[in-house]
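J.: Below you'll find the structure I mean.
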Amino acid sequence: MSETPRNAPCPCGSSRKFKRCCADALGNPAVTARKHDSVGARIQAWAFEHHRAEMQAALEEITAGHDDVVLGDLDLQLIASWMHIDRQLPGGGTAAQRYAARWDLHPDEGDIAARIAAARLGLLRVLRVMPGRWIDLHDLAGGDDVVRVISHDVSRSARPDAVLIGRLMDGPPAPSLWGPVGFLDRDDGRELAGLLKSYGDSLGLREQPAGLAAAMHAASREITLMLAPALHPSRRRQAA
């Protein structure tokens with residue numbers, strides 16, 4: 001991704017000059033992240049207000065068999081992302097999709113909520129990093145696609161050739177990572193490969209061009225369990 005001249009049209013398509021549109025957000029990704037996080041918090045609050053029984057059922061479903069563990073912040077963030085973005089509500093649609101469809105939202109909020117709702121789990125290899133600013137990622141489920149995401153936090157710990165599971169969120173002002181990510185070690189990679197093969201075979205996805213992405217989405221609950229330290233024995237040992 002080349003640098004956009006400040007007087008050039010903004011690459012987000014707004015028809016405004018870059019300096020009067022997305023330049024500040026791209027230059028300070030923490031501001032953009034806070035704006036996205038505030039919308040995410042409102043999605044979560046709305047979901048528990050209007051679909052409390054389903055949210056409670058989702059929490060019990062994913063923590064079944066783990067009554068003796070204490071969920072940490074990372075566990076709760078991972079579970080919340082799965083509950084609101086991946087888990088279907090009765091009658092169709094996820095909590096994030098239903099929130100984004102509300103008629104009373106400001107257009108900017110509705111746009112951000114819709115992009116959060118569309119942020120699917122991806123398998124991503126780190127190519128290049130500018131700590132505190134951006135990461136170039138190869139989307140392993142998207143063929144040869146390389147995406148530069150703005151990131152003020154993950155970019156500080158990412159290293160070239162690392163592989164992570166995260167949710168790519170479309171811009172404007174540019175693609176970003178929504179929610180927590182999990183960096184994979186060799187054991188995680190073997191576990192994930194077996195999980196995706198199982199889903200790909202059972203759903204007939206292996207020969208489809210988007211088969212890996214579809215299998216990631218279908219296995220989102222199991223991947224969340226794999227990434228959550230309190231719910232996965234090996235990660236609990238790593239965190240100890």
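Identifiers in the structure tokens: chain A, B, ... in order shown; residue index from 1 per chain; ligand index from 1 in order shown.
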Let's see if you can do this: from backbone DSSP, list all strand (DSSP E) residues in stretch 16-212 of chain A, as a ChimeraX atom specification.

T.: /A:121-130,134-139,146-150,163-169,176-183

J.: For the selection just defined, write its residues with C-alpha atoms to a file, as a PDB file, in the first residue's frame.

T.:
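Just written: out16.pdb:
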```
ATOM      1  CA  LEU A 121     -12.143 -15.425  11.410  1.00  0.00           C
ATOM      2  CA  GLY A 122      -9.151 -15.659   9.077  1.00  0.00           C
ATOM      3  CA  LEU A 123      -5.808 -17.458   9.018  1.00  0.00           C
ATOM      4  CA  LEU A 124      -3.214 -14.737   8.515  1.00  0.00           C
ATOM      5  CA  ARG A 125       0.564 -14.765   8.037  1.00  0.00           C
ATOM      6  CA  VAL A 126       2.536 -11.672   9.044  1.00  0.00           C
ATOM      7  CA  LEU A 127       4.730 -10.320   6.233  1.00  0.00           C
ATOM      8  CA  ARG A 128       5.848  -6.849   7.346  1.00  0.00           C
ATOM      9  CA  VAL A 129       5.213  -4.694  10.412  1.00  0.00           C
ATOM     10  CA  MET A 130       5.396  -1.040  11.391  1.00  0.00           C
ATOM     11  CA  TRP A 134       0.247  -1.288  10.526  1.00  0.00           C
ATOM     12  CA  ILE A 135       0.779  -4.945   9.579  1.00  0.00           C
ATOM     13  CA  ASP A 136       0.960  -6.481   6.096  1.00  0.00           C
ATOM     14  CA  LEU A 137      -0.898  -9.801   6.259  1.00  0.00           C
ATOM     15  CA  HIS A 138      -1.173 -12.650   3.783  1.00  0.00           C
ATOM     16  CA  ASP A 139      -4.698 -14.011   4.045  1.00  0.00           C
ATOM     17  CA  VAL A 146      -2.075  -9.320   0.937  1.00  0.00           C
ATOM     18  CA  VAL A 147      -3.840  -6.830   3.184  1.00  0.00           C
ATOM     19  CA  ARG A 148      -2.312  -3.919   5.093  1.00  0.00           C
ATOM     20  CA  VAL A 149      -4.269  -3.423   8.300  1.00  0.00           C
ATOM     21  CA  ILE A 150      -3.973  -0.480  10.637  1.00  0.00           C
ATOM     22  CA  VAL A 163       0.739 -16.926  11.831  1.00  0.00           C
ATOM     23  CA  LEU A 164      -2.313 -15.648  13.640  1.00  0.00           C
ATOM     24  CA  ILE A 165      -6.048 -16.156  13.750  1.00  0.00           C
ATOM     25  CA  GLY A 166      -7.951 -12.886  13.670  1.00  0.00           C
ATOM     26  CA  ARG A 167     -10.905 -11.094  12.152  1.00  0.00           C
ATOM     27  CA  LEU A 168     -10.233  -8.800   9.194  1.00  0.00           C
ATOM     28  CA  MET A 169     -12.561  -5.800   9.282  1.00  0.00           C
ATOM     29  CA  SER A 176      -8.148  -3.398  10.556  1.00  0.00           C
ATOM     30  CA  LEU A 177      -8.252  -6.321  12.971  1.00  0.00           C
ATOM     31  CA  TRP A 178     -11.449  -6.597  14.981  1.00  0.00           C
ATOM     32  CA  GLY A 179     -11.279  -8.106  18.432  1.00  0.00           C
ATOM     33  CA  PRO A 180      -8.537 -10.249  19.958  1.00  0.00           C
ATOM     34  CA  VAL A 181      -6.140 -12.366  17.908  1.00  0.00           C
ATOM     35  CA  GLY A 182      -4.349 -15.619  18.646  1.00  0.00           C
ATOM     36  CA  PHE A 183      -0.771 -16.328  17.529  1.00  0.00           C
TER      37      PHE A 183
END
```

J.: Using DSSP on the backbone coordinates, identify the residues of stretch 34-131 of chain A assigned to helix (DSSP H, G or I); present them as a tab-separated table (two decimals) with N, CA and C atoms, in the first residue's frame.

T.:
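out38.tsv written:
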```tsv
chain	number	residue	atom	x	y	z
A	34	ARG	N	-10.57	2.91	19.13
A	34	ARG	CA	-11.47	3.30	20.22
A	34	ARG	C	-12.88	3.52	19.69
A	35	LYS	N	-13.00	4.11	18.51
A	35	LYS	CA	-14.32	4.33	17.91
A	35	LYS	C	-14.99	3.01	17.61
A	36	HIS	N	-14.25	2.07	17.04
A	36	HIS	CA	-14.80	0.74	16.76
A	36	HIS	C	-15.17	0.02	18.05
A	37	ASP	N	-14.31	0.11	19.06
A	37	ASP	CA	-14.57	-0.57	20.32
A	37	ASP	C	-15.84	-0.05	20.99
A	38	SER	N	-16.09	1.26	20.88
A	38	SER	CA	-17.29	1.81	21.50
A	38	SER	C	-18.55	1.25	20.84
A	39	VAL	N	-18.51	1.06	19.51
A	39	VAL	CA	-19.65	0.46	18.83
A	39	VAL	C	-19.79	-1.00	19.24
A	40	GLY	N	-18.67	-1.71	19.34
A	40	GLY	CA	-18.71	-3.10	19.78
A	40	GLY	C	-19.32	-3.24	21.17
A	41	ALA	N	-18.99	-2.31	22.07
A	41	ALA	CA	-19.56	-2.36	23.42
A	41	ALA	C	-21.07	-2.13	23.38
A	42	ARG	N	-21.53	-1.27	22.49
A	42	ARG	CA	-22.97	-1.03	22.40
A	42	ARG	C	-23.69	-2.24	21.79
A	43	ILE	N	-23.04	-2.93	20.84
A	43	ILE	CA	-23.62	-4.17	20.30
A	43	ILE	C	-23.81	-5.17	21.44
A	44	GLN	N	-22.78	-5.33	22.27
A	44	GLN	CA	-22.84	-6.30	23.36
A	44	GLN	C	-23.94	-5.93	24.35
A	45	ALA	N	-24.01	-4.66	24.74
A	45	ALA	CA	-25.03	-4.23	25.69
A	45	ALA	C	-26.43	-4.45	25.13
A	46	TRP	N	-26.61	-4.12	23.84
A	46	TRP	CA	-27.92	-4.30	23.20
A	46	TRP	C	-28.29	-5.78	23.13
A	47	ALA	N	-27.33	-6.63	22.81
A	47	ALA	CA	-27.59	-8.06	22.70
A	47	ALA	C	-28.07	-8.63	24.03
A	48	PHE	N	-27.43	-8.22	25.14
A	48	PHE	CA	-27.83	-8.74	26.44
A	48	PHE	C	-29.15	-8.13	26.91
A	49	GLU	N	-29.47	-6.94	26.45
A	49	GLU	CA	-30.75	-6.34	26.80
A	49	GLU	C	-31.91	-6.99	26.06
A	50	HIS	N	-31.71	-7.28	24.75
A	50	HIS	CA	-32.81	-7.75	23.92
A	50	HIS	C	-32.81	-9.26	23.68
A	52	ARG	N	-31.21	-11.66	26.05
A	52	ARG	CA	-30.47	-12.12	27.23
A	52	ARG	C	-30.44	-13.64	27.33
A	53	ALA	N	-31.58	-14.28	27.11
A	53	ALA	CA	-31.63	-15.74	27.25
A	53	ALA	C	-30.71	-16.42	26.25
A	54	GLU	N	-30.68	-15.92	25.02
A	54	GLU	CA	-29.82	-16.51	24.00
A	54	GLU	C	-28.34	-16.25	24.31
A	55	MET	N	-28.02	-15.07	24.80
A	55	MET	CA	-26.63	-14.77	25.15
A	55	MET	C	-26.17	-15.65	26.31
A	56	GLN	N	-27.05	-15.86	27.29
A	56	GLN	CA	-26.70	-16.72	28.41
A	56	GLN	C	-26.52	-18.16	27.94
A	57	ALA	N	-27.41	-18.60	27.01
A	57	ALA	CA	-27.28	-19.96	26.48
A	57	ALA	C	-25.98	-20.12	25.71
A	58	ALA	N	-25.58	-19.09	24.97
A	58	ALA	CA	-24.32	-19.15	24.21
A	58	ALA	C	-23.13	-19.25	25.15
A	59	LEU	N	-23.16	-18.47	26.22
A	59	LEU	CA	-22.06	-18.52	27.19
A	59	LEU	C	-21.97	-19.90	27.84
A	60	GLU	N	-23.12	-20.47	28.21
A	60	GLU	CA	-23.13	-21.80	28.82
A	60	GLU	C	-22.68	-22.87	27.83
A	61	GLU	N	-23.03	-22.68	26.56
A	61	GLU	CA	-22.64	-23.64	25.52
A	61	GLU	C	-21.13	-23.71	25.36
A	62	ILE	N	-20.49	-22.55	25.32
A	62	ILE	CA	-19.05	-22.55	25.03
A	62	ILE	C	-18.20	-22.83	26.26
A	73	ASP	N	-9.75	-11.70	30.87
A	73	ASP	CA	-10.19	-10.70	29.89
A	73	ASP	C	-10.12	-11.24	28.46
A	74	LEU	N	-9.02	-11.93	28.12
A	74	LEU	CA	-8.88	-12.46	26.76
A	74	LEU	C	-9.96	-13.50	26.48
A	75	ASP	N	-10.21	-14.37	27.44
A	75	ASP	CA	-11.27	-15.37	27.27
A	75	ASP	C	-12.61	-14.69	26.97
A	76	LEU	N	-12.95	-13.68	27.76
A	76	LEU	CA	-14.23	-12.99	27.61
A	76	LEU	C	-14.32	-12.26	26.28
A	77	GLN	N	-13.22	-11.68	25.82
A	77	GLN	CA	-13.22	-10.99	24.52
A	77	GLN	C	-13.43	-11.98	23.38
A	78	LEU	N	-12.74	-13.11	23.45
A	78	LEU	CA	-12.89	-14.13	22.40
A	78	LEU	C	-14.31	-14.68	22.38
A	79	ILE	N	-14.84	-14.98	23.55
A	79	ILE	CA	-16.20	-15.52	23.63
A	79	ILE	C	-17.21	-14.51	23.13
A	80	ALA	N	-17.04	-13.24	23.52
A	80	ALA	CA	-17.98	-12.20	23.09
A	80	ALA	C	-17.98	-12.06	21.57
A	81	SER	N	-16.81	-12.12	20.94
A	81	SER	CA	-16.74	-12.01	19.48
A	81	SER	C	-17.50	-13.16	18.83
A	82	TRP	N	-17.31	-14.37	19.36
A	82	TRP	CA	-18.03	-15.52	18.80
A	82	TRP	C	-19.53	-15.38	19.00
A	83	MET	N	-19.94	-14.99	20.20
A	83	MET	CA	-21.37	-14.89	20.53
A	83	MET	C	-22.09	-13.88	19.63
A	84	HIS	N	-21.44	-12.76	19.37
A	84	HIS	CA	-22.13	-11.67	18.67
A	84	HIS	C	-21.93	-11.69	17.16
A	85	ILE	N	-20.87	-12.33	16.69
A	85	ILE	CA	-20.57	-12.29	15.25
A	85	ILE	C	-20.85	-13.62	14.56
A	86	ASP	N	-20.64	-14.74	15.25
A	86	ASP	CA	-20.74	-16.05	14.61
A	86	ASP	C	-22.01	-16.82	14.96
A	95	ALA	N	-26.34	-11.42	16.51
A	95	ALA	CA	-26.64	-10.22	17.29
A	95	ALA	C	-26.06	-8.98	16.62
A	96	ALA	N	-24.84	-9.08	16.09
A	96	ALA	CA	-24.22	-7.92	15.44
A	96	ALA	C	-24.99	-7.53	14.18
A	97	GLN	N	-25.43	-8.51	13.42
A	97	GLN	CA	-26.20	-8.21	12.21
A	97	GLN	C	-27.52	-7.53	12.55
A	98	ARG	N	-28.18	-8.01	13.58
A	98	ARG	CA	-29.46	-7.41	13.96
A	98	ARG	C	-29.27	-5.99	14.51
A	99	TYR	N	-28.20	-5.78	15.25
A	99	TYR	CA	-27.93	-4.42	15.73
A	99	TYR	C	-27.67	-3.48	14.57
A	100	ALA	N	-26.85	-3.93	13.61
A	100	ALA	CA	-26.51	-3.09	12.46
A	100	ALA	C	-27.74	-2.73	11.63
A	107	PRO	N	-26.04	6.80	10.66
A	107	PRO	CA	-25.42	6.05	9.55
A	107	PRO	C	-23.99	5.61	9.82
A	108	ASP	N	-23.19	6.45	10.49
A	108	ASP	CA	-21.80	6.06	10.78
A	108	ASP	C	-21.77	4.85	11.71
A	109	GLU	N	-22.63	4.85	12.72
A	109	GLU	CA	-22.66	3.72	13.65
A	109	GLU	C	-23.15	2.46	12.96
A	110	GLY	N	-24.18	2.60	12.11
A	110	GLY	CA	-24.68	1.45	11.38
A	110	GLY	C	-23.63	0.86	10.46
A	111	ASP	N	-22.82	1.74	9.85
A	111	ASP	CA	-21.76	1.27	8.96
A	111	ASP	C	-20.70	0.49	9.73
A	112	ILE	N	-20.27	1.02	10.87
A	112	ILE	CA	-19.26	0.33	11.68
A	112	ILE	C	-19.81	-1.00	12.19
A	113	ALA	N	-21.07	-0.99	12.66
A	113	ALA	CA	-21.67	-2.22	13.18
A	113	ALA	C	-21.76	-3.28	12.08
A	114	ALA	N	-22.11	-2.86	10.86
A	114	ALA	CA	-22.20	-3.82	9.75
A	114	ALA	C	-20.84	-4.40	9.42
A	115	ARG	N	-19.78	-3.59	9.52
A	115	ARG	CA	-18.44	-4.09	9.24
A	115	ARG	C	-17.94	-5.01	10.34
A	116	ILE	N	-18.33	-4.73	11.59
A	116	ILE	CA	-18.02	-5.66	12.68
A	116	ILE	C	-18.73	-6.98	12.46
A	117	ALA	N	-20.00	-6.92	12.08
A	117	ALA	CA	-20.79	-8.14	11.86
A	117	ALA	C	-20.21	-9.01	10.75
```

J.: Quick one: of A:Met216, A:Leu231, A:Val31, A:Leu195, who's nearest to A:Ala64, counting only C-alpha atoms?

T.: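 For A:Ala64, the nearest of the given residues is A:Leu231.
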
J.: Please compute the atom CA of A:His51-atom CA of A:Leu105 distance, one decimal, in Å.

T.: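 Straight-line distance from atom CA of A:His51 to atom CA of A:Leu105 works out to 18.3 Å.
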
J.: Between A:Ala118, A:Ala219, A:Ala23, A:Ala213, which has the minimum distance to A:Pro172 (counting only C-alpha atoms)?

T.: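 Of A:Ala118, A:Ala219, A:Ala23, A:Ala213, the one nearest A:Pro172 is A:Ala23, counting only C-alpha atoms.
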
J.: Could you jot down the atom CA of A:Pro29 to atom CA of A:Ala174 separation for me, Å, one decimal place?

T.: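 Atom-to-atom, atom CA of A:Pro29 and atom CA of A:Ala174 are spaced 9.6 Å apart.
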
J.: Counting only C-alpha atoms, which residue out of A:Ala215, A:Thr94, A:Arg16, A:Asp188 sits closest to A:Leu203?

T.: A:Ala215

J.: As a list in words, please: the residues near A:Asp153 (cut-off 9 Å, only C-alpha atoms, same-chain neighbours under 2 positions excluded).

T.: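 Counting only the stated atoms, we get Ala30, Pro131, Gly132, Arg133, Ser151, Ser155, Arg156 and Ser157 of chain A.
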